[in-house]
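K.L.:
First the structure, which I've put down as C-alpha cells, then a few questions once you've had a look.
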Amino acid sequence: MDHTLAIPDTADPTPALAPREQETLRHIAAGRTYLQTARHMGLSAHTVDAYLRRIRAKLNISTTAELTRLAVSLGL
C-alpha cells in the first residue's frame, strides 16, 4: 500500500490559493482587521471572511494564528 498518497503536500500550499486569497492572507498576517483588509482591497468584510474561510478549508487550518504563522513562513 502506497502511503505517500495519503500525505498532503504541505511544502508549498500557496499554489492552491487564488491570487485574491493570497492577498487577503497577506493583509491578515500583517495584523490588519477584516474591515481594514476589506477597505484596502475594495471588498466587503463579508467577502474577506469568505476568502479566509476558503483558505482555512483548503489548507486545513482552523485559527487565525495558524494562518499568520503559515503566511510568515511562506514569506507572504
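In the C-alpha cells, chains take letters A, B, ... by order of appearance, with residues numbered from 1 within each chain and ligands from 1 in the order shown.
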Run DSSP on the backbone and give me the residues of chain A it puts in alpha helix (DSSP H), as JSON, numbers by chain.
P.N.:
{"A": [19, 20, 21, 22, 23, 24, 25, 26, 27, 28, 29, 34, 35, 36, 37, 38, 39, 40, 41, 45, 46, 47, 48, 49, 50, 51, 52, 53, 54, 55, 56, 57, 58, 59, 64, 65, 66, 67, 68, 69, 70, 71, 72, 73]}
K.L.:
From the list A:Glu23, A:Met41, A:Leu17, A:Ala29, which residue is nearest A:Thr68 when using only C-alpha atoms?
P.N.:
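For A:Thr68, the nearest of the given residues is A:Ala29.
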K.L.:
Taking into account only C-alpha atoms, which residue in the set A:Leu76, A:Leu35, A:Ile28, A:Ala45 is nearest to A:Thr63?
P.N.:
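The shortest atom-to-atom distance to A:Thr63 comes from A:Ile28.
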K.L.:
Using only C-alpha atoms, find the one residue out of A:Arg26, A:Thr47, A:Arg32, A:Arg39 that sits nearest to A:Ala71.
P.N.:
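Comparing A:Arg26, A:Thr47, A:Arg32, A:Arg39 against A:Ala71, the winner is A:Arg26.
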K.L.:
When you look at A:Leu52 with a cut-off of 8 Å (counting only C-alpha atoms), what residues show up, excluding the ones that are within fewer than 6 positions of it in the same chain? I need them as a compact mmCIF listing (two decimals) with C-alpha atoms, in the first residue's frame.
P.N.:
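Once everything was written out, this is selection-v8.txt:
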```
# COMPACT_ATOMS: atom_id res chain seq x y z
CA GLU A 21 -6.93 34.70 -1.30
CA THR A 24 -6.17 38.55 1.85
CA LEU A 25 -3.86 36.23 3.77
```
K.L.:
What is the atom CA of A:Val48 to atom CA of A:Ala30 distance in Å?
P.N.:
14.5 Å
K.L.:
Need the shell around A:Ala50: protein/DNA/RNA residues with any atom at most 12 Å away, counting only C-alpha atoms. Skip same-chain ones fewer than 4 positions apart. Format as a list in words?
P.N.:
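Near A:Ala50, the qualifying residues are Arg20, Glu21, Thr24, Leu25, Tyr34, Ala38, Leu43, Ser44, Ala45, His46, Arg54, Ile55, Arg56 and Ala57 of chain A.
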K.L.:
Using only C-alpha atoms, pick whichever of A:Ser73, A:Gln22, A:Thr37, A:Ser62 has the shortest atom-to-atom distance to A:Asp49.
P.N.:
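Using only C-alpha atoms, A:Asp49 sits closest to A:Thr37.
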